[in-house]
$ cat model_3.cif   # mmCIF, C-alpha atoms
data_model
#
loop_
_atom_site.group_PDB
_atom_site.id
_atom_site.type_symbol
_atom_site.label_atom_id
_atom_site.label_comp_id
_atom_site.auth_asym_id
_atom_site.auth_seq_id
_atom_site.Cartn_x
_atom_site.Cartn_y
_atom_site.Cartn_z
ATOM 1 C CA MET A 125 0.000 0.000 0.000
ATOM 2 C CA PHE A 126 1.095 3.580 -0.609
ATOM 3 C CA ASP A 127 1.648 5.898 2.357
ATOM 4 C CA PRO A 128 1.006 9.534 1.336
ATOM 5 C CA VAL A 129 2.885 10.833 4.395
ATOM 6 C CA ARG A 130 6.072 8.827 3.855
ATOM 7 C CA LYS A 131 5.511 8.978 0.089
ATOM 8 C CA LYS A 132 6.406 5.339 -0.491
ATOM 9 C CA GLU A 133 5.015 1.830 -0.689
ATOM 10 C CA ILE A 134 4.845 0.074 2.666
ATOM 11 C CA PRO A 135 3.952 -3.482 3.754
ATOM 12 C CA ASP A 136 0.246 -4.124 4.240
ATOM 13 C CA THR A 137 -0.263 -5.213 7.859
ATOM 14 C CA PRO A 138 -3.353 -4.935 10.085
ATOM 15 C CA GLU A 139 -1.759 -2.100 12.103
ATOM 16 C CA GLU A 140 -0.723 -0.302 8.926
ATOM 17 C CA GLU A 141 -4.266 -0.504 7.571
ATOM 18 C CA VAL A 142 -5.464 1.254 10.745
ATOM 19 C CA ARG A 143 -2.701 3.870 10.424
ATOM 20 C CA GLN A 144 -3.521 4.559 6.784
ATOM 21 C CA ALA A 145 -7.253 4.829 7.531
ATOM 22 C CA LEU A 146 -6.459 7.351 10.286
ATOM 23 C CA ILE A 147 -4.151 9.330 7.986
ATOM 24 C CA ALA A 148 -6.921 9.475 5.376
ATOM 25 C CA TYR A 149 -9.434 10.649 8.001
ATOM 26 C CA LEU A 150 -7.082 13.288 9.402
ATOM 27 C CA HIS A 151 -6.401 14.574 5.890
ATOM 28 C CA ASP A 152 -9.829 14.271 4.261
ATOM 29 C CA VAL A 153 -12.126 15.084 7.199
ATOM 30 C CA CYS A 154 -9.956 17.093 9.598
ATOM 31 C CA GLU A 155 -8.134 18.886 6.759
ATOM 32 C CA THR A 156 -4.673 18.128 8.103
ATOM 33 C CA PRO A 157 -1.998 18.730 5.449
ATOM 34 C CA TYR A 158 0.108 15.653 4.673
ATOM 35 C CA HIS A 159 3.316 17.661 4.955
ATOM 36 C CA LEU A 160 2.519 18.419 8.617
ATOM 37 C CA MET A 161 2.118 14.716 9.485
ATOM 38 C CA CYS A 162 4.944 12.370 10.394
ATOM 39 C CA CYS A 163 4.793 8.576 10.655
ATOM 40 C CA GLU A 164 6.947 6.559 13.029
ATOM 41 C CA TYR A 165 8.412 9.646 14.681
ATOM 42 C CA VAL A 166 11.522 8.674 16.638
ATOM 43 C CA LEU A 167 11.611 9.560 20.335
ATOM 44 C CA LYS A 168 14.609 9.056 22.588
ATOM 45 C CA ALA A 169 14.545 8.813 26.357
ATOM 46 C CA GLY A 170 18.000 8.075 27.685
ATOM 47 C CA ARG A 171 19.170 4.943 25.902
ATOM 48 C CA LYS A 172 15.677 3.887 24.868
ATOM 49 C CA THR A 173 14.213 4.648 21.466
ATOM 50 C CA TYR A 174 10.480 4.728 20.770
ATOM 51 C CA ARG A 175 8.431 5.329 17.636
ATOM 52 C CA ALA A 176 5.220 7.317 17.732
ATOM 53 C CA ASP A 177 2.845 6.127 15.007
ATOM 54 C CA ILE A 178 1.612 9.549 13.867
ATOM 55 C CA LEU A 179 2.643 12.995 14.983
ATOM 56 C CA ILE A 180 0.970 16.103 13.604
ATOM 57 C CA PHE A 181 2.651 19.489 13.783
ATOM 58 C CA ASP A 182 1.228 22.984 13.697
ATOM 59 C CA LYS A 183 2.469 25.436 11.070
ATOM 60 C CA LYS A 184 5.263 26.589 13.401
ATOM 61 C CA GLY A 185 6.596 23.036 13.767
ATOM 62 C CA GLN A 186 5.239 22.431 17.268
ATOM 63 C CA PRO A 187 3.666 19.001 17.997
ATOM 64 C CA LEU A 188 -0.132 19.194 17.974
ATOM 65 C CA LEU A 189 -1.541 15.644 17.935
ATOM 66 C CA LEU A 190 0.026 12.330 18.853
ATOM 67 C CA ALA A 191 -1.665 9.154 17.621
ATOM 68 C CA GLU A 192 -0.976 5.539 18.473
ATOM 69 C CA CYS A 193 -2.428 2.904 16.149
ATOM 70 C CA LYS A 194 -2.897 -0.746 16.959
ATOM 71 C CA ALA A 195 -4.112 -3.713 14.943
ATOM 72 C CA PRO A 196 -7.860 -4.379 15.277
ATOM 73 C CA SER A 197 -7.095 -7.418 17.451
ATOM 74 C CA VAL A 198 -5.284 -5.262 20.047
ATOM 75 C CA PRO A 199 -7.624 -3.732 22.628
ATOM 76 C CA ILE A 200 -7.363 -0.050 23.512
ATOM 77 C CA ASP A 201 -6.670 -0.534 27.183
ATOM 78 C CA ARG A 202 -4.608 0.865 30.032
ATOM 79 C CA VAL A 203 -1.357 -0.558 28.612
ATOM 80 C CA VAL A 204 -1.872 1.295 25.322
ATOM 81 C CA PHE A 205 -2.862 4.468 27.173
ATOM 82 C CA GLU A 206 0.292 4.244 29.309
ATOM 83 C CA GLN A 207 2.352 3.887 26.132
ATOM 84 C CA ILE A 208 1.039 7.127 24.661
ATOM 85 C CA ILE A 209 1.422 8.871 28.045
ATOM 86 C CA LYS A 210 5.086 7.828 28.113
ATOM 87 C CA TYR A 211 5.573 9.328 24.648
ATOM 88 C CA ASN A 212 3.735 12.476 25.625
ATOM 89 C CA LYS A 213 5.977 13.049 28.641
ATOM 90 C CA LEU A 214 8.662 13.710 26.044
ATOM 91 C CA LEU A 215 6.541 15.672 23.559
ATOM 92 C CA LYS A 216 3.890 17.485 25.651
ATOM 93 C CA VAL A 217 1.345 17.325 22.835
ATOM 94 C CA PRO A 218 -2.107 18.835 23.486
ATOM 95 C CA TYR A 219 -4.121 16.135 21.653
ATOM 96 C CA LEU A 220 -3.795 12.348 22.031
ATOM 97 C CA LEU A 221 -5.511 9.683 19.945
ATOM 98 C CA LEU A 222 -5.544 5.923 20.379
ATOM 99 C CA THR A 223 -7.218 3.655 17.841
ATOM 100 C CA ASN A 224 -7.360 0.076 16.661
ATOM 101 C CA GLY A 225 -9.724 0.937 13.817
ATOM 102 C CA THR A 226 -12.755 -0.245 15.784
ATOM 103 C CA ASP A 227 -12.342 1.467 19.128
ATOM 104 C CA SER A 228 -10.828 4.888 19.576
ATOM 105 C CA PHE A 229 -10.030 7.176 22.458
ATOM 106 C CA PHE A 230 -9.365 10.855 21.882
ATOM 107 C CA CYS A 231 -8.457 13.400 24.505
ATOM 108 C CA ARG A 232 -6.963 16.772 25.119
ATOM 109 C CA TYR A 233 -4.063 17.039 27.527
ATOM 110 C CA HIS A 234 -4.069 20.191 29.625
ATOM 111 C CA LEU A 235 -0.371 20.684 30.261
ATOM 112 C CA TRP A 236 -0.541 23.283 33.021
ATOM 113 C CA GLU A 237 -3.162 21.323 34.967
ATOM 114 C CA ASN A 238 -1.642 17.918 34.124
ATOM 115 C CA ARG A 239 -5.053 16.450 33.312
ATOM 116 C CA PHE A 240 -6.763 14.727 30.414
ATOM 117 C CA GLU A 241 -10.149 15.691 28.987
ATOM 118 C CA ALA A 242 -11.920 12.989 26.975
ATOM 119 C CA LEU A 243 -13.392 14.302 23.720
ATOM 120 C CA THR A 244 -16.092 12.723 21.583
ATOM 121 C CA GLN A 245 -14.727 13.791 18.201
ATOM 122 C CA ILE A 246 -11.551 14.963 16.552
ATOM 123 C CA PRO A 247 -11.712 18.680 15.759
ATOM 124 C CA SER A 248 -10.488 19.983 12.438
ATOM 125 C CA TYR A 249 -6.798 20.792 12.146
ATOM 126 C CA HIS A 250 -7.590 24.514 12.273
ATOM 127 C CA GLN A 251 -9.776 24.108 15.378
ATOM 128 C CA MET A 252 -7.004 22.197 17.150
ATOM 129 C CA ILE A 253 -4.553 24.998 16.387
ATOM 130 C CA GLN A 254 -7.025 27.646 17.475
ATOM 131 C CA ASN A 255 -7.793 25.784 20.737
ATOM 132 C CA THR A 256 -4.134 25.459 21.705
ATOM 133 C CA THR A 257 -2.553 28.779 20.753
ATOM 134 C CA GLU A 258 -3.269 30.293 24.138
ATOM 135 C CA THR A 259 -2.523 27.264 26.294
ATOM 136 C CA TYR A 260 0.786 25.953 24.952
ATOM 137 C CA ALA A 261 4.021 27.834 24.665
ATOM 138 C CA PRO A 262 6.426 26.796 21.879
ATOM 139 C CA LEU A 263 9.040 24.219 22.843
#
$ encode --input "model_3.cif" --output "structure tokens"
Amino acid sequence: MFDPVRKKEIPDTPEEEVRQALIAYLHDVCETPYHLMCCEYVLKAGRKTYRADILIFDKKGQPLLLAECKAPSVPIDRVVFEQIIKYNKLLKVPYLLLTNGTDSFFCRYHLWENRFEALTQIPSYHQMIQNTTETYAPL
């Protein structure tokens, strides 16, 4: 299958199908530009290296949304939530999304209050930027 973010053919796996469906949704419905999305973003914490499935940036290059995709057979549970929390301790991204293609969890992280707010839908790219300009300082 072709990945429009990485601009290359990639192996077709269940997790990748979920990732590509999410990329299409973020682009087509939420109007997120492909060039502001990154797949398999490398994170380093000490000697450990992690890969975030999808990271979306605002127009100034600041992280805006962090998404973790799992195969449909993998439940969205506490373990998956802890994984994205670990990544977000490094990135401090205002929006977090977990999905396995069937079940999804989307929330906003309020940095200064260190709390999560569950949301029922993903706002458009422009709404996410507008909602975070006053609450997050550039890294």
$ residues_near_point --input "model_3.cif" --point "(-8.0, 14.6, 25.3)" --cutoff "6 Å" --atoms "all atoms listed in the file" --output "PyMOL selection string"
chain A and resi 219-220+230-233+240-243
$ resolve_selection --input "model_3.cif" --expression "the PyMOL selection byres ((chain A and resi 179) around 6)" --output "list in words"
Met161, Cys162, Ile178, Ile180, Leu189 and Leu190 of chain A
$ closest_residue --input "model_3.cif" --among "A:Lys210, A:Lys184, A:Arg202, A:His250" --to "Phe229 in chain A" --atoms "all atoms listed in the file"
A:Arg202
$ resolve_selection --input "model_3.cif" --expression "the PyMOL selection byres ((chain A and resi 142-151) around 12)" --output "ChimeraX atom specification"
/A:125-130,133-141,152-164,176-180,189-198,221-228,245-250,252
$ axis_aligned_box --input "model_3.cif" --around "range 198-210 of chain A" --padding-each-side "8 Å" --output "lines of an AutoDock Vina configuration file"
center_x = -1.3
center_y = 1.8
center_z = 25.0
size_x = 28.7
size_y = 30.1
size_z = 26.0
$ residues_around --input "model_3.cif" --residues "range 167-175 of chain A" --least-positions-apart "4" --cutoff "9 Å" --atoms "all atoms listed in the file" --output "tab-separated table (two decimals) with C-alpha atoms, in the frame of the given file"
chain	number	residue	atom	x	y	z
A	163	CYS	CA	4.79	8.58	10.66
A	211	TYR	CA	5.57	9.33	24.65
A	214	LEU	CA	8.66	13.71	26.04
A	215	LEU	CA	6.54	15.67	23.56
$ atom_distance --input "model_3.cif" --atom1 "CA of Ile209 in chain A" --atom2 "CA of Asn255 in chain A"
20.6 Å
$ atom_distance --input "model_3.cif" --atom1 "CA of Phe205 in chain A" --atom2 "CA of Pro187 in chain A"
18.4 Å
$ closest_residue --input "model_3.cif" --among "A:Asn238, A:Gln207, A:Thr256, A:Thr244" --to "Gln186 in chain A" --atoms "only C-alpha atoms"
A:Thr256
$ residues_near_point --input "model_3.cif" --point "(-0.7, 24.3, 16.4)" --cutoff "6 Å" --atoms "only C-alpha atoms" --output "list of chain:residue names"
A:Asp182, A:Leu188, A:Ile253
$ write_last_selection --input "model_3.cif" --atoms "C-alpha atoms" --output "compact mmCIF listing (two decimals), in the coordinates of the input"
# COMPACT_ATOMS: atom_id res chain seq x y z
CA ASP A 182 1.23 22.98 13.70
CA LEU A 188 -0.13 19.19 17.97
CA ILE A 253 -4.55 25.00 16.39
$ atom_distance --input "model_3.cif" --atom1 "CA of Lys213 in chain A" --atom2 "CA of Ile200 in chain A"
19.4 Å
$ build_atoms --input "model_3.cif" --residues "range 153-172 of chain A" --atoms "N, CA, C and O atoms" --output "PDB file, in the frame of the given file"
ATOM      1  N   VAL A 153     -11.061  14.550   6.345  1.00  0.00           N
ATOM      2  CA  VAL A 153     -12.126  15.084   7.199  1.00  0.00           C
ATOM      3  C   VAL A 153     -11.630  16.242   8.067  1.00  0.00           C
ATOM      4  O   VAL A 153     -12.283  17.283   8.160  1.00  0.00           O
ATOM      5  N   CYS A 154     -10.477  16.060   8.682  1.00  0.00           N
ATOM      6  CA  CYS A 154      -9.956  17.093   9.598  1.00  0.00           C
ATOM      7  C   CYS A 154      -9.108  18.147   8.883  1.00  0.00           C
ATOM      8  O   CYS A 154      -8.658  19.091   9.515  1.00  0.00           O
ATOM      9  N   GLU A 155      -8.875  17.937   7.601  1.00  0.00           N
ATOM     10  CA  GLU A 155      -8.134  18.886   6.759  1.00  0.00           C
ATOM     11  C   GLU A 155      -6.699  19.124   7.234  1.00  0.00           C
ATOM     12  O   GLU A 155      -6.181  20.234   7.194  1.00  0.00           O
ATOM     13  N   THR A 156      -6.065  18.051   7.688  1.00  0.00           N
ATOM     14  CA  THR A 156      -4.673  18.128   8.103  1.00  0.00           C
ATOM     15  C   THR A 156      -3.782  17.937   6.877  1.00  0.00           C
ATOM     16  O   THR A 156      -3.897  16.919   6.190  1.00  0.00           O
ATOM     17  N   PRO A 157      -2.896  18.887   6.603  1.00  0.00           N
ATOM     18  CA  PRO A 157      -1.998  18.730   5.449  1.00  0.00           C
ATOM     19  C   PRO A 157      -1.039  17.547   5.654  1.00  0.00           C
ATOM     20  O   PRO A 157      -0.528  17.346   6.760  1.00  0.00           O
ATOM     21  N   TYR A 158      -0.811  16.789   4.595  1.00  0.00           N
ATOM     22  CA  TYR A 158       0.108  15.653   4.673  1.00  0.00           C
ATOM     23  C   TYR A 158       1.496  16.099   5.127  1.00  0.00           C
ATOM     24  O   TYR A 158       2.160  15.393   5.886  1.00  0.00           O
ATOM     25  N   HIS A 159       1.944  17.248   4.647  1.00  0.00           N
ATOM     26  CA  HIS A 159       3.316  17.661   4.955  1.00  0.00           C
ATOM     27  C   HIS A 159       3.507  18.045   6.424  1.00  0.00           C
ATOM     28  O   HIS A 159       4.638  18.228   6.871  1.00  0.00           O
ATOM     29  N   LEU A 160       2.404  18.133   7.187  1.00  0.00           N
ATOM     30  CA  LEU A 160       2.519  18.419   8.617  1.00  0.00           C
ATOM     31  C   LEU A 160       2.270  17.172   9.467  1.00  0.00           C
ATOM     32  O   LEU A 160       2.124  17.254  10.679  1.00  0.00           O
ATOM     33  N   MET A 161       2.237  16.002   8.799  1.00  0.00           N
ATOM     34  CA  MET A 161       2.118  14.716   9.485  1.00  0.00           C
ATOM     35  C   MET A 161       3.448  13.974   9.371  1.00  0.00           C
ATOM     36  O   MET A 161       4.161  14.102   8.381  1.00  0.00           O
ATOM     37  N   CYS A 162       3.742  13.201  10.404  1.00  0.00           N
ATOM     38  CA  CYS A 162       4.944  12.370  10.394  1.00  0.00           C
ATOM     39  C   CYS A 162       4.561  10.989  10.906  1.00  0.00           C
ATOM     40  O   CYS A 162       3.845  10.871  11.898  1.00  0.00           O
ATOM     41  N   CYS A 163       5.030   9.950  10.218  1.00  0.00           N
ATOM     42  CA  CYS A 163       4.793   8.576  10.655  1.00  0.00           C
ATOM     43  C   CYS A 163       6.060   8.014  11.288  1.00  0.00           C
ATOM     44  O   CYS A 163       7.167   8.300  10.828  1.00  0.00           O
ATOM     45  N   GLU A 164       5.856   7.219  12.323  1.00  0.00           N
ATOM     46  CA  GLU A 164       6.947   6.559  13.029  1.00  0.00           C
ATOM     47  C   GLU A 164       8.011   7.563  13.480  1.00  0.00           C
ATOM     48  O   GLU A 164       9.200   7.398  13.253  1.00  0.00           O
ATOM     49  N   TYR A 165       7.548   8.587  14.158  1.00  0.00           N
ATOM     50  CA  TYR A 165       8.412   9.646  14.681  1.00  0.00           C
ATOM     51  C   TYR A 165       9.281   9.075  15.804  1.00  0.00           C
ATOM     52  O   TYR A 165       8.777   8.483  16.746  1.00  0.00           O
ATOM     53  N   VAL A 166      10.581   9.251  15.683  1.00  0.00           N
ATOM     54  CA  VAL A 166      11.522   8.674  16.638  1.00  0.00           C
ATOM     55  C   VAL A 166      11.629   9.558  17.882  1.00  0.00           C
ATOM     56  O   VAL A 166      11.847  10.763  17.788  1.00  0.00           O
ATOM     57  N   LEU A 167      11.477   8.900  19.040  1.00  0.00           N
ATOM     58  CA  LEU A 167      11.611   9.560  20.335  1.00  0.00           C
ATOM     59  C   LEU A 167      12.720   8.865  21.107  1.00  0.00           C
ATOM     60  O   LEU A 167      12.810   7.640  21.092  1.00  0.00           O
ATOM     61  N   LYS A 168      13.546   9.641  21.785  1.00  0.00           N
ATOM     62  CA  LYS A 168      14.609   9.056  22.588  1.00  0.00           C
ATOM     63  C   LYS A 168      14.474   9.514  24.025  1.00  0.00           C
ATOM     64  O   LYS A 168      14.271  10.691  24.294  1.00  0.00           O
ATOM     65  N   ALA A 169      14.560   8.544  24.923  1.00  0.00           N
ATOM     66  CA  ALA A 169      14.545   8.813  26.357  1.00  0.00           C
ATOM     67  C   ALA A 169      15.715   8.042  26.951  1.00  0.00           C
ATOM     68  O   ALA A 169      15.643   6.822  27.109  1.00  0.00           O
ATOM     69  N   GLY A 170      16.787   8.748  27.223  1.00  0.00           N
ATOM     70  CA  GLY A 170      18.000   8.075  27.685  1.00  0.00           C
ATOM     71  C   GLY A 170      18.532   7.184  26.578  1.00  0.00           C
ATOM     72  O   GLY A 170      18.742   7.621  25.460  1.00  0.00           O
ATOM     73  N   ARG A 171      18.675   5.906  26.896  1.00  0.00           N
ATOM     74  CA  ARG A 171      19.170   4.943  25.902  1.00  0.00           C
ATOM     75  C   ARG A 171      18.056   4.259  25.134  1.00  0.00           C
ATOM     76  O   ARG A 171      18.306   3.491  24.226  1.00  0.00           O
ATOM     77  N   LYS A 172      16.812   4.533  25.526  1.00  0.00           N
ATOM     78  CA  LYS A 172      15.677   3.887  24.868  1.00  0.00           C
ATOM     79  C   LYS A 172      15.192   4.724  23.690  1.00  0.00           C
ATOM     80  O   LYS A 172      15.183   5.951  23.736  1.00  0.00           O
TER      81      LYS A 172
END
